[in-house]
Amino acid sequence: MKSSWRRSSFIYVAIIIAAVVFFLFLFPMSAKPTEISPGEAIAMAQNNEIEQIIVDGDTLLITTTEGTELKTVVGNLTLVELQELGFTSDIINIKPSGFEWSGLLISFLPLLLLGALLFFLFRRAQGANSQAMSFGRSRARLFPANTPTVTFNDVAGVEEAKEEVYEVVDFLKSREKFQSLGARIPKGMLLIGPPGTGKTLLARATAGEAGVPFFSISGSEFVEMFVGVGASRVRDLFDQARRNTPCIIFIDEIDAVGRHRGAGLGGSHDEREQTLNQILVEMDGFDTNTSVIVLAATNRPDILDPALLRPGRFDRRVILDQPDITGRSAILKVHANGKPLDETVDLEVLAKGTAGFSGADLANLVNEAAILSARRGKKAIEMQELEESIDRVIAGPERKSRRISPREKEITAYHETGHALVARMLPNADPVHKISIVARGMTLGHTRQLPIEDRYLLTRSQFEDILATLMGGHTAEKIIFNEVTTGAQNDIEQATKLARKMVTDYGMSAKLGPRTFGHKEELVFLGREISEQRDYSDKVAEQIDEEVHDIIQQAYETAQKILTENKPKLIQIAEKLHALETIEGESLEALFNEPVAETSPETASIPLTT
């Protein structure tokens, strides 16, 4: 709105200036003086009708008392000769001889105003033209070498990736050491990993350690609606990089422009493909520069063009996976640095309870804990806030406004206790760390298990115990209330997906044997998206369904057996949970080991009422 008002004001000013110039040319400011004879001038002097006389060479300009300016023509008579004829006046101004700059300025003022107007209009047109031509300029953000940035000390949990990238830093600092042995530094390094694992942070740390200029741009910033703009921006980016060598170019989300060629519907003239072709030429063409190193990040390496991944362009692939327990502990220490932590905070326990968290999740966890502590008026971050932050990251914030009836709250308590008790009794299940019936997000409650260690391989026995734990909530509702609810919908869905993967992907079916079912085909013309195609008969499909049903039924029977045999314990824990809403840590362990009181026949089965 403000810029539009400025443009309108400029237009109005230009129109006013043009009108003034036009008026000055048509109607001069000074009127033409009339001519009088010397006798008339002498008579006016005698009658005191002259107010002022200006002498300009041989010209006399007489101003009368009425304000009228007259011009007298005296021929070759000078002022002295005119005075000899009887002209007398005390008010005489003799104009100095020489060039009159003020008159010239007044004469050329309209031309100056017109010139200023034309200059302004041409300047505006030139600015609009340059703005239109700036589409081909690179939009990369340049971070100079002396700009304070992050270093490798700010990156944790990816030690192997840091070692790989450190070779780039070492080369930029001391190239002679590598060149003396004939070694060539990789021209490009591709950082691959799930979202939030620190790919961009590692690239910034590389530039910070090397102390060189750092160009940062996103892959989506290359492509515009105009043809050829992407390729022009790539050329401009590498031209800027060559002028600032040695330097690092970081392209974030390179899959936006480096997708497999031929995957679009536009053919060879596709704008994205032209941009990719220019990147290929700049990285490894006839004109190359070893002092420009390209770092790129993506979480979808499977859709990148093979020409982009070959040696000579991206020579190395650095994998950044989800951090293990040691990495999570180191990341928590980095993000907790500078924050006041209570003495009771144990980062090792938090690292165990955050399996599957990325670096971004852990940073968000510590920040949420700090916000909760400040909201509660505490001077330090305690373990309670950190534990609650884990629940906030996993399930969302606590929904205190949700009104839950006492009956539904009781059903939720038995449901979550069923999960916890089945997991407690199974040998291959992870230990239960927390049970809660506080509504968070879309859930009415949750049970959180604490893995003893990070696992990269899972056995069939572990899968069976996981399935039995998932069925524990549904089974507890049926045993206690002799009815089932919709609360087990997500548990049953997860159990069904896991059982089908055991049969079709992991080869864990005794009847069908160690083979996979279903062919995953890549649809090139739809962007190499994966679509599962059926490669088995209808008879095998029936066997797969039967095997999935048998696995889930076995898990259900295991959970039912455990909860039936430990029904008094189920009731004891559920009643305690119903009263406290949340039980965790040592309190939960003590409750598991607490002896069970005798159960009265009235509490053997509680009917579910609507």
# chains A, B, ... in the order shown; residues from 1 in each chain; ligands from 1
>>> select_by_dssp(residues="stretch 186-404 of chain A", states="strand (DSSP E or B)", output="VMD selection string")
chain A and resid 188 to 192 214 to 218 247 to 252 259 292 to 298 304 316 to 319 341 381 398
>>> write_last_selection(atoms="C-alpha atoms", output="PDB file, in the first residue's frame")
ATOM      1  CA  GLY A 188      30.876 -32.426  -4.445  1.00  0.00           C
ATOM      2  CA  MET A 189      29.553 -34.062  -1.288  1.00  0.00           C
ATOM      3  CA  LEU A 190      25.933 -35.145  -0.974  1.00  0.00           C
ATOM      4  CA  LEU A 191      24.480 -35.118   2.542  1.00  0.00           C
ATOM      5  CA  ILE A 192      21.737 -37.740   2.809  1.00  0.00           C
ATOM      6  CA  PHE A 214      29.686 -19.773   2.011  1.00  0.00           C
ATOM      7  CA  PHE A 215      26.940 -19.526  -0.627  1.00  0.00           C
ATOM      8  CA  SER A 216      23.606 -20.957   0.500  1.00  0.00           C
ATOM      9  CA  ILE A 217      20.624 -21.514  -1.815  1.00  0.00           C
ATOM     10  CA  SER A 218      17.621 -23.820  -2.031  1.00  0.00           C
ATOM     11  CA  CYS A 247      34.523 -21.107  -1.238  1.00  0.00           C
ATOM     12  CA  ILE A 248      31.678 -23.529  -0.584  1.00  0.00           C
ATOM     13  CA  ILE A 249      28.328 -23.685  -2.392  1.00  0.00           C
ATOM     14  CA  PHE A 250      25.518 -25.315  -0.413  1.00  0.00           C
ATOM     15  CA  ILE A 251      22.367 -26.381  -2.286  1.00  0.00           C
ATOM     16  CA  ASP A 252      19.627 -27.406   0.127  1.00  0.00           C
ATOM     17  CA  ARG A 259      15.151 -35.079 -10.143  1.00  0.00           C
ATOM     18  CA  VAL A 292      34.802 -24.377  -5.476  1.00  0.00           C
ATOM     19  CA  ILE A 293      33.304 -27.231  -3.460  1.00  0.00           C
ATOM     20  CA  VAL A 294      29.618 -28.053  -3.719  1.00  0.00           C
ATOM     21  CA  LEU A 295      27.686 -29.442  -0.759  1.00  0.00           C
ATOM     22  CA  ALA A 296      24.110 -30.567  -1.291  1.00  0.00           C
ATOM     23  CA  ALA A 297      21.464 -32.011   1.016  1.00  0.00           C
ATOM     24  CA  THR A 298      18.482 -34.223   0.310  1.00  0.00           C
ATOM     25  CA  LEU A 304      18.183 -37.953  -8.164  1.00  0.00           C
ATOM     26  CA  ARG A 316      30.895 -38.824  -1.867  1.00  0.00           C
ATOM     27  CA  ARG A 317      27.669 -39.545  -0.114  1.00  0.00           C
ATOM     28  CA  VAL A 318      27.643 -38.695   3.584  1.00  0.00           C
ATOM     29  CA  ILE A 319      24.883 -40.482   5.478  1.00  0.00           C
ATOM     30  CA  LEU A 341      19.513 -27.403  34.638  1.00  0.00           C
ATOM     31  CA  ILE A 381      14.775 -26.757  34.203  1.00  0.00           C
ATOM     32  CA  GLU A 398      -2.000 -31.722  27.196  1.00  0.00           C
TER      33      GLU A 398
END
>>> residues_around(residues="A:Ala231", least_positions_apart="5", cutoff="7 Å", atoms="only C-alpha atoms", output="list in words")
Gln274, Thr275 and Gln278 of chain A
>>> residues_around(residues="stretch 349-361 of chain A", least_positions_apart="3", cutoff="9 Å", atoms="only C-alpha atoms", output="PyMOL selection string")
chain A and resi 156-157+194-198+321-332+345-346+364-366+383+386-387+390+393+433+448-454
>>> select_by_dssp(residues="stretch 308-530 of chain A", states="alpha helix (DSSP H)", output="NGL selection string")
:A and (308-309 or 325-336 or 347-352 or 359-375 or 383-395 or 406-425 or 460-470 or 472-481 or 489-504)
>>> atom_distance(atom1="atom CA of A:Ala499", atom2="atom CA of A:Val548")
5.5 Å
>>> residues_around(residues="A:Thr459", least_positions_apart="4", cutoff="12 Å", atoms="only C-alpha atoms", output="ChimeraX atom specification")
/A:428-429,455,463-466,502,506-508
>>> residues_around(residues="stretch 305-311 of chain A", least_positions_apart="2", cutoff="12 Å", atoms="only C-alpha atoms", output="ChimeraX atom specification")
/A:184-191,254-263,273,276-284,294,296,300-303,313-317,524,527-528
>>> atom_distance(atom1="atom CA of A:Ile411", atom2="atom CA of A:Met471")
15.0 Å
>>> closest_residue(among="A:Leu202, A:Ile394, A:Ala420, A:Val503", to="A:Gly441", atoms="only C-alpha atoms")
A:Ile394
>>> closest_residue(among="A:Lys561, A:Arg175, A:Arg500, A:Arg204", to="A:Ala468", atoms="only C-alpha atoms")
A:Lys561
>>> atom_distance(atom1="atom CA of A:Arg440", atom2="atom CA of A:Gly396")
5.5 Å
>>> residues_around(residues="A:Thr149", least_positions_apart="3", cutoff="12 Å", atoms="only C-alpha atoms", output="list in words")
Phe143, Pro144, Ala145, Asn146, Phe152, Asn153, Asp154, Leu201, Leu202, Ala203, Arg204, Ala205, Thr206, Ala207, Gly208, Glu209, Ala210, Gly211, Val212, Pro213 and Phe214 of chain A
